[in-house]
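Enquirer: Provided herewith is a single structure, encoded as structure tokens, for subsequent inquiry.
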Amino acid sequence: MKALYGSTSDEIETFVIAQGLPKYRAAQILDWIYQKNVLAWDEIKNLPKDALQKLSGEIRLTALEPGEEKKAVAGGPTKFLFKTPDGHFLESVLISQKDAPDSREGEETIPQGRRETVCVSTQLGCKIQCAFCASGQGKFTRNLTAGEIVEQVARISRMTGKKITNVVFMGMGEPLDNYEATLKAVRILIEPWGFAFGARRVTVSTSGITPKILEFVKAVDGRVRLSVSLHSSIDEVRSSLVPINQRYPLKELVSALRRINQDLKREITFEYTLIAGVNDSDEEAEGIAMIAKPLRAKINVIPYNPIAEFPHKAPTPEATERFCDQLERRGLRVTLRQTVGRDIDAACGQLRLDRMSAR
Ligand code: SAH
């Protein structure tokens, strides 16, 4: 334990008892750090001074240091930069939505309400190296700890004064390639002693590490939402876009998802980054339908956000619309991800290791 943030209820109890404090102090600390989002020892108000002194001498409360905040056009997302104790930078995004942001968005998590979604990073860099994503460019540095993952949520809430309603594991990194920390972070977010988010307000997105998907869904008892980055229904194309498809091809992925859907009765969403001339054919629409219909999965279409290193082209709004229609015509539920945040590189796939730390 290097920082207290990111510890479970059991771990904090053990720690508090080892420091010679009564067990109930653990519950107080948990409430301060995960419910009240307190980020410094001296902000904790109901612990005796000597106890606070002892604890703070023993361990740091948090890991991250706040960095820069970049606001996009009005109504767009805000990108936050945080510094890790070992001097690296990571990015998180806050997406504020009034209510149904798009006419295609039929399934609102919060009907009519305001949605404040934090998109967290799980790794410094990414080993998956998708052919259209900036996060895999540059060298992989390390996994984030559970504390560094959940602290992104607490810090953004404190910095903005906003009550965060949703958390998506869609920032930099592949969550299931940092399995233990992701699982622990999810637990801290949904447990009553933690942030106590409704489990349906937490989404973990994966590029498709098939064995880990099954393990993860079982470990969280299918409670949090699962998103799978599909990007193509054709093995050859998918392998060229998401290299991990060579190891876990579509057939294997889809049969694992069937099991999740049938045995565990869990809903799946597919993310589909639409790239002009690469994966926007009618053949793809048909292939996606073959995969998604038996699963009754929803398709979230994300028009490709241009990345300097790649030759790909974004689809035109008309082409995007047409592709969504092709899917809908086949009876699929489709949502179109708004293209927001490109101006500050906060859009999907634009999060990357900061130049400074990449050096
Ligand atoms: N590694 C996980 C989590 C990242 S989620 C995963 O792959 O699911 C980020 C989502 O944005 C993924 O669906 C990813 O494929 C998509 N994405 C990445 N680069 C993009 C780009 N340039 N334009 C649009 N979407 C992109």
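Labels for the structure tokens follow display order: chains A, B, ..., residues from 1 in each chain, ligands from 1.
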Please tabulate, as a tab-separated table, the residues of chain A that come within 7 Å of ligand 1, each with its closest pair of atoms and the distance in Å to one decimal, counting only C-alpha atoms and all ligand atoms and ordering rows by chain, then residue number upward.

Expert:
residue	atom	partner	partner_atom_place_in_ligand_line	distance
A:Phe132	CA	ligand 1	22 (N)	4.9
A:Cys133	CA	ligand 1	19 (N)	3.5
A:Ala134	CA	ligand 1	19 (N)	6.4
A:Phe169	CA	ligand 1	3 (C)	6.2
A:Met170	CA	ligand 1	5 (S)	3.5
A:Gly171	CA	ligand 1	4 (C)	5.4
A:Met172	CA	ligand 1	4 (C)	6.1
A:Gly173	CA	ligand 1	1 (N)	5.2
A:Glu174	CA	ligand 1	1 (N)	3.7
A:Pro175	CA	ligand 1	2 (C)	6.3
A:Ser205	CA	ligand 1	8 (O)	4.2
A:Thr206	CA	ligand 1	8 (O)	3.6
A:Ser207	CA	ligand 1	7 (O)	3.8
A:Ser227	CA	ligand 1	8 (O)	6.9
A:Val228	CA	ligand 1	8 (O)	5.8
A:Ser229	CA	ligand 1	13 (O)	4.5
A:Glu271	CA	ligand 1	13 (O)	4.9
A:Tyr272	CA	ligand 1	13 (O)	6.4
A:Thr273	CA	ligand 1	25 (N)	4.8
A:Ile302	CA	ligand 1	24 (C)	5.4
A:Pro303	CA	ligand 1	24 (C)	5.7
A:Tyr304	CA	ligand 1	23 (N)	3.6
A:Asn305	CA	ligand 1	23 (N)	3.7
A:Pro306	CA	ligand 1	22 (N)	5.5
A:Ile307	CA	ligand 1	22 (N)	5.8
A:Cys348	CA	ligand 1	11 (O)	4.3
A:Gly349	CA	ligand 1	19 (N)	2.9
A:Gln350	CA	ligand 1	22 (N)	6.0

Enquirer: Please identify all polymer residues within 9 Å of Lys2 (chain A), counting only C-alpha atoms, omitting same-chain residues fewer than 5 positions from it, and present them as number ranges by chain.

Expert: A: 59-63

Enquirer: Neighbouring residues of region 156-160 of chain A were defined as those with any atom within 8 Å, considering only C-alpha atoms; residues of the same chain fewer than 2 positions away were excluded. Please report them as a VMD selection string.

Expert: chain A and resid 37 80 94 118 152 to 154 162 to 164

Enquirer: Emit the selected residues as a PDB file, in the first residue's frame, including N, CA and C atoms.

Expert:
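What ended up in again-v8.pdb:
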ATOM      1  N   ASN A  37     -15.005  12.613  -1.125  1.00  0.00           N
ATOM      2  CA  ASN A  37     -13.899  12.895  -2.058  1.00  0.00           C
ATOM      3  C   ASN A  37     -12.812  13.787  -1.466  1.00  0.00           C
ATOM      4  N   PHE A  80      -8.591  16.521 -18.389  1.00  0.00           N
ATOM      5  CA  PHE A  80      -7.774  16.776 -17.206  1.00  0.00           C
ATOM      6  C   PHE A  80      -6.476  16.005 -17.310  1.00  0.00           C
ATOM      7  N   LEU A  94     -14.016  14.628 -18.717  1.00  0.00           N
ATOM      8  CA  LEU A  94     -15.357  14.771 -18.132  1.00  0.00           C
ATOM      9  C   LEU A  94     -16.312  15.157 -19.252  1.00  0.00           C
ATOM     10  N   VAL A 118     -17.269  10.555 -16.117  1.00  0.00           N
ATOM     11  CA  VAL A 118     -15.811  10.625 -16.135  1.00  0.00           C
ATOM     12  C   VAL A 118     -15.288   9.418 -16.902  1.00  0.00           C
ATOM     13  N   GLN A 152      -8.965   9.592 -10.212  1.00  0.00           N
ATOM     14  CA  GLN A 152      -9.337  10.462 -11.339  1.00  0.00           C
ATOM     15  C   GLN A 152     -10.776  10.953 -11.162  1.00  0.00           C
ATOM     16  N   VAL A 153     -11.641  10.050 -10.681  1.00  0.00           N
ATOM     17  CA  VAL A 153     -13.054  10.388 -10.488  1.00  0.00           C
ATOM     18  C   VAL A 153     -13.191  11.409  -9.353  1.00  0.00           C
ATOM     19  N   ALA A 154     -12.534  11.119  -8.233  1.00  0.00           N
ATOM     20  CA  ALA A 154     -12.640  12.000  -7.064  1.00  0.00           C
ATOM     21  C   ALA A 154     -12.068  13.381  -7.365  1.00  0.00           C
ATOM     22  N   LYS A 162     -18.748  19.121  -9.369  1.00  0.00           N
ATOM     23  CA  LYS A 162     -19.891  18.393  -9.933  1.00  0.00           C
ATOM     24  C   LYS A 162     -20.051  17.023  -9.318  1.00  0.00           C
ATOM     25  N   LYS A 163     -21.290  16.581  -9.215  1.00  0.00           N
ATOM     26  CA  LYS A 163     -21.539  15.229  -8.756  1.00  0.00           C
ATOM     27  C   LYS A 163     -21.436  14.300  -9.961  1.00  0.00           C
ATOM     28  N   ILE A 164     -20.481  13.397  -9.911  1.00  0.00           N
ATOM     29  CA  ILE A 164     -20.272  12.485 -11.037  1.00  0.00           C
ATOM     30  C   ILE A 164     -21.340  11.392 -10.982  1.00  0.00           C
TER      31      ILE A 164
END

Enquirer: What parts of region 227-318 of chain A does DSSP call helix (DSSP H, G or I)? I'd like the answer as a ChimeraX atom specification.

Expert: /A:235-241,243-246,250-263,282-295,317-318

Enquirer: Using only C-alpha atoms for the distances, tell me which of A:Gly222, A:Pro211, A:Ala196, A:Asn300 is nearest to Ala256 (chain A).

Expert: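 Among the listed residues, A:Pro211 lies closest to Ala256 (chain A).
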
Enquirer: Identify all residues of region 55-203 of chain A in strand (DSSP E or B) (DSSP on the backbone) and supply them as a PyMOL selection string.

Expert: chain A and resi 60+65-71+78-83+89-97+115-119+123-124+142-143+166-169+202-203

Enquirer: Store the residues picked out above, limited to N, CA, C and O atoms, as a compact mmCIF listing (two decimals), in the first residue's frame.

Expert:
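Output file result-v9.txt is given in full below:
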# COMPACT_ATOMS: atom_id res chain seq x y z
N ARG A 60 0.80 8.07 2.47
CA ARG A 60 0.17 9.22 1.82
C ARG A 60 -1.28 8.88 1.50
O ARG A 60 -1.62 7.71 1.32
N GLU A 65 -1.19 14.09 -8.57
CA GLU A 65 -1.15 15.54 -8.39
C GLU A 65 -1.99 16.14 -9.50
O GLU A 65 -1.92 15.69 -10.63
N PRO A 66 -2.77 17.17 -9.16
CA PRO A 66 -3.59 17.77 -10.20
C PRO A 66 -2.71 18.47 -11.22
O PRO A 66 -1.67 19.03 -10.88
N GLY A 67 -3.12 18.39 -12.46
CA GLY A 67 -2.39 19.09 -13.50
C GLY A 67 -3.30 20.08 -14.17
O GLY A 67 -4.18 20.67 -13.55
N GLU A 68 -3.12 20.20 -15.43
CA GLU A 68 -3.83 21.16 -16.25
C GLU A 68 -5.27 20.71 -16.53
O GLU A 68 -5.58 19.53 -16.53
N GLU A 69 -6.11 21.68 -16.84
CA GLU A 69 -7.49 21.40 -17.21
C GLU A 69 -7.75 22.10 -18.54
O GLU A 69 -7.46 23.29 -18.66
N LYS A 70 -8.23 21.37 -19.53
CA LYS A 70 -8.45 21.98 -20.85
C LYS A 70 -9.91 21.89 -21.20
O LYS A 70 -10.46 20.80 -21.29
N LYS A 71 -10.52 23.04 -21.40
CA LYS A 71 -11.94 23.05 -21.72
C LYS A 71 -12.13 23.18 -23.23
O LYS A 71 -11.52 24.01 -23.88
N THR A 78 -14.30 18.23 -20.99
CA THR A 78 -13.12 18.85 -20.40
C THR A 78 -12.08 17.77 -20.21
O THR A 78 -12.41 16.67 -19.75
N LYS A 79 -10.86 18.08 -20.58
CA LYS A 79 -9.79 17.10 -20.40
C LYS A 79 -8.94 17.49 -19.21
O LYS A 79 -8.63 18.66 -19.03
N PHE A 80 -8.59 16.52 -18.39
CA PHE A 80 -7.77 16.78 -17.21
C PHE A 80 -6.48 16.00 -17.31
O PHE A 80 -6.46 14.85 -17.74
N LEU A 81 -5.43 16.67 -16.90
CA LEU A 81 -4.12 16.04 -16.92
C LEU A 81 -3.69 15.85 -15.47
O LEU A 81 -3.75 16.80 -14.68
N PHE A 82 -3.27 14.65 -15.10
CA PHE A 82 -2.80 14.40 -13.74
C PHE A 82 -1.38 13.86 -13.78
O PHE A 82 -0.99 13.19 -14.74
N LYS A 83 -0.66 14.13 -12.69
CA LYS A 83 0.73 13.66 -12.62
C LYS A 83 0.82 12.53 -11.61
O LYS A 83 0.30 12.64 -10.49
N PHE A 89 2.37 11.55 -16.85
CA PHE A 89 1.10 12.24 -16.96
C PHE A 89 0.03 11.32 -17.50
O PHE A 89 0.29 10.46 -18.34
N LEU A 90 -1.17 11.48 -16.98
CA LEU A 90 -2.28 10.70 -17.54
C LEU A 90 -3.45 11.63 -17.76
O LEU A 90 -3.53 12.70 -17.15
N GLU A 91 -4.33 11.21 -18.64
CA GLU A 91 -5.45 12.06 -19.02
C GLU A 91 -6.78 11.41 -18.68
O GLU A 91 -6.92 10.20 -18.80
N SER A 92 -7.71 12.26 -18.26
CA SER A 92 -9.08 11.80 -18.04
C SER A 92 -9.99 12.85 -18.67
O SER A 92 -9.57 13.98 -18.87
N VAL A 93 -11.22 12.46 -18.94
CA VAL A 93 -12.14 13.38 -19.60
C VAL A 93 -13.45 13.42 -18.83
O VAL A 93 -13.92 12.40 -18.33
N LEU A 94 -14.02 14.63 -18.72
CA LEU A 94 -15.36 14.77 -18.13
C LEU A 94 -16.31 15.16 -19.25
O LEU A 94 -16.09 16.12 -19.97
N ILE A 95 -17.35 14.38 -19.40
CA ILE A 95 -18.35 14.64 -20.43
C ILE A 95 -19.67 14.98 -19.74
O ILE A 95 -20.22 14.16 -19.00
N SER A 96 -20.14 16.20 -19.94
CA SER A 96 -21.40 16.63 -19.32
C SER A 96 -22.49 16.61 -20.36
O SER A 96 -22.34 17.18 -21.43
N GLN A 97 -23.57 15.94 -20.04
CA GLN A 97 -24.69 15.89 -20.99
C GLN A 97 -25.98 16.26 -20.29
O GLN A 97 -26.26 15.77 -19.20
N ARG A 115 -26.22 14.14 -16.92
CA ARG A 115 -25.25 13.07 -16.80
C ARG A 115 -23.85 13.65 -16.78
O ARG A 115 -23.50 14.43 -17.67
N GLU A 116 -23.08 13.32 -15.77
CA GLU A 116 -21.69 13.77 -15.68
C GLU A 116 -20.83 12.51 -15.70
O GLU A 116 -20.78 11.77 -14.73
N THR A 117 -20.21 12.26 -16.84
CA THR A 117 -19.46 11.02 -17.01
C THR A 117 -17.96 11.28 -16.97
O THR A 117 -17.46 12.12 -17.71
N VAL A 118 -17.27 10.55 -16.12
CA VAL A 118 -15.81 10.62 -16.13
C VAL A 118 -15.29 9.42 -16.90
O VAL A 118 -15.70 8.28 -16.66
N CYS A 119 -14.41 9.70 -17.86
CA CYS A 119 -13.77 8.66 -18.65
C CYS A 119 -12.37 8.47 -18.08
O CYS A 119 -11.54 9.37 -18.15
N GLN A 123 -4.09 2.68 -17.94
CA GLN A 123 -2.66 2.40 -18.15
C GLN A 123 -1.96 3.66 -18.67
O GLN A 123 -2.62 4.53 -19.24
N LEU A 124 -0.66 3.72 -18.47
CA LEU A 124 0.14 4.77 -19.09
C LEU A 124 0.64 4.18 -20.40
O LEU A 124 1.55 3.36 -20.42
N ARG A 142 3.43 1.88 -17.86
CA ARG A 142 3.06 0.95 -16.79
C ARG A 142 1.55 0.93 -16.59
O ARG A 142 0.83 1.78 -17.12
N ASN A 143 1.11 -0.02 -15.80
CA ASN A 143 -0.29 -0.07 -15.39
C ASN A 143 -0.53 1.01 -14.35
O ASN A 143 0.36 1.33 -13.56
N ASN A 166 -21.67 8.92 -13.75
CA ASN A 166 -21.26 7.73 -14.51
C ASN A 166 -19.74 7.67 -14.64
O ASN A 166 -19.09 8.70 -14.72
N VAL A 167 -19.23 6.45 -14.71
CA VAL A 167 -17.79 6.27 -14.95
C VAL A 167 -17.63 5.28 -16.10
O VAL A 167 -18.24 4.21 -16.09
N VAL A 168 -16.84 5.65 -17.08
CA VAL A 168 -16.55 4.72 -18.17
C VAL A 168 -15.04 4.46 -18.22
O VAL A 168 -14.25 5.39 -18.14
N PHE A 169 -14.67 3.20 -18.34
CA PHE A 169 -13.26 2.82 -18.46
C PHE A 169 -12.92 2.84 -19.94
O PHE A 169 -12.81 1.80 -20.59
N VAL A 202 -21.52 2.17 -14.36
CA VAL A 202 -20.09 1.95 -14.57
C VAL A 202 -19.93 1.04 -15.79
O VAL A 202 -20.56 -0.02 -15.85
N THR A 203 -19.14 1.46 -16.76
CA THR A 203 -18.94 0.68 -17.98
C THR A 203 -17.46 0.40 -18.19
O THR A 203 -16.65 1.31 -18.13

Enquirer: Quick one: residues within 8 Å of Ile268 (chain A), only C-alpha atoms counted, chain neighbours fewer than 4 positions away excluded, as a list in words?

Expert: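 My reading of the contact set: Arg225, Leu226, Ser227, Val228, Leu257, Asn261, Leu295, Arg296, Ala297 and Lys298 of chain A.
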
Enquirer: Write out as a PyMOL selection string the residues lying within 10 Å of Leu253 (chain A), counting only C-alpha atoms and excluding same-chain residues fewer than 2 positions away.

Expert: chain A and resi 208-211+213-214+228+230+245+248-251+255-258

Enquirer: Next, dump the selected residues to file, keeping only N, CA, C and O atoms, as a tab-separated table (two decimals), in the first residue's frame.

Expert:
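Wrote result03.tsv, looks like this:
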chain	number	residue	atom	x	y	z
A	208	GLY	N	-11.18	-6.73	-26.45
A	208	GLY	CA	-11.55	-8.12	-26.73
A	208	GLY	C	-10.55	-9.16	-26.25
A	208	GLY	O	-10.21	-10.08	-27.00
A	209	ILE	N	-10.08	-9.03	-25.02
A	209	ILE	CA	-9.20	-10.06	-24.47
A	209	ILE	C	-10.13	-11.15	-23.93
A	209	ILE	O	-10.53	-11.15	-22.76
A	210	THR	N	-10.50	-12.07	-24.81
A	210	THR	CA	-11.62	-12.98	-24.57
A	210	THR	C	-11.60	-13.70	-23.21
A	210	THR	O	-12.59	-13.61	-22.47
A	211	PRO	N	-10.52	-14.39	-22.84
A	211	PRO	CA	-10.59	-15.12	-21.56
A	211	PRO	C	-10.80	-14.18	-20.38
A	211	PRO	O	-11.46	-14.52	-19.41
A	213	ILE	N	-12.45	-11.40	-20.43
A	213	ILE	CA	-13.82	-10.87	-20.41
A	213	ILE	C	-14.69	-11.78	-19.56
A	213	ILE	O	-15.42	-11.33	-18.68
A	214	LEU	N	-14.59	-13.09	-19.83
A	214	LEU	CA	-15.39	-14.05	-19.06
A	214	LEU	C	-15.07	-13.97	-17.57
A	214	LEU	O	-15.95	-13.93	-16.72
A	228	VAL	N	-17.70	-3.83	-25.81
A	228	VAL	CA	-16.63	-4.51	-26.53
A	228	VAL	C	-16.35	-3.73	-27.82
A	228	VAL	O	-17.27	-3.41	-28.58
A	230	LEU	N	-15.64	-3.56	-31.28
A	230	LEU	CA	-15.76	-4.54	-32.38
A	230	LEU	C	-15.00	-4.09	-33.63
A	230	LEU	O	-14.11	-4.79	-34.10
A	245	ASN	N	-6.95	-9.37	-32.28
A	245	ASN	CA	-7.89	-10.27	-32.96
A	245	ASN	C	-7.18	-11.50	-33.54
A	245	ASN	O	-7.79	-12.54	-33.74
A	248	TYR	N	-7.25	-13.68	-30.39
A	248	TYR	CA	-8.62	-14.01	-30.00
A	248	TYR	C	-9.56	-13.61	-31.12
A	248	TYR	O	-10.17	-12.54	-31.07
A	249	PRO	N	-9.67	-14.46	-32.16
A	249	PRO	CA	-10.47	-14.09	-33.32
A	249	PRO	C	-11.96	-13.97	-32.99
A	249	PRO	O	-12.42	-14.40	-31.93
A	250	LEU	N	-12.68	-13.40	-33.96
A	250	LEU	CA	-14.09	-13.09	-33.76
A	250	LEU	C	-14.92	-14.26	-33.26
A	250	LEU	O	-15.76	-14.11	-32.37
A	251	LYS	N	-14.66	-15.46	-33.82
A	251	LYS	CA	-15.48	-16.61	-33.47
A	251	LYS	C	-15.41	-16.89	-31.96
A	251	LYS	O	-16.42	-17.12	-31.29
A	255	SER	N	-18.38	-16.24	-29.25
A	255	SER	CA	-18.94	-17.34	-28.47
A	255	SER	C	-18.82	-17.06	-26.97
A	255	SER	O	-19.70	-17.43	-26.19
A	256	ALA	N	-17.77	-16.35	-26.56
A	256	ALA	CA	-17.69	-15.94	-25.15
A	256	ALA	C	-18.81	-14.97	-24.82
A	256	ALA	O	-19.45	-15.07	-23.76
A	257	LEU	N	-19.09	-14.05	-25.73
A	257	LEU	CA	-20.15	-13.07	-25.48
A	257	LEU	C	-21.52	-13.74	-25.44
A	257	LEU	O	-22.39	-13.35	-24.68
A	258	ARG	N	-21.69	-14.79	-26.27
A	258	ARG	CA	-22.95	-15.54	-26.23
A	258	ARG	C	-23.18	-16.13	-24.86
A	258	ARG	O	-24.28	-16.12	-24.32

Enquirer: In terms of the shortest atom-to-atom distance over only C-alpha atoms, which of A:Ser240, A:Ser121, A:Thr182, A:Gln35 is closest to Val220 (chain A)?

Expert: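 Under the stated criterion, the closest residue is A:Thr182.
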
Enquirer: Which of these residues is nearest to Glu252 (chain A), using only C-alpha atoms: A:Ile275, A:Ile291, A:Val224, A:Tyr34?

Expert: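 Selected residue with least distance to Glu252 (chain A): A:Ile291.
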
Enquirer: Can you work out the spacing between CA of Thr335 (chain A) and CA of Val254 (chain A) in Å, to one decimal?

Expert: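 If I compute the distance from CA of Thr335 (chain A) to CA of Val254 (chain A), I get 20.5 Å.
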
Enquirer: Expressed in Å to a single decimal, how great is the separation between CA of Ile33 (chain A) and CA of Tyr5 (chain A)?

Expert: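 Rounded to one decimal, the two atoms are 7.4 Å apart.
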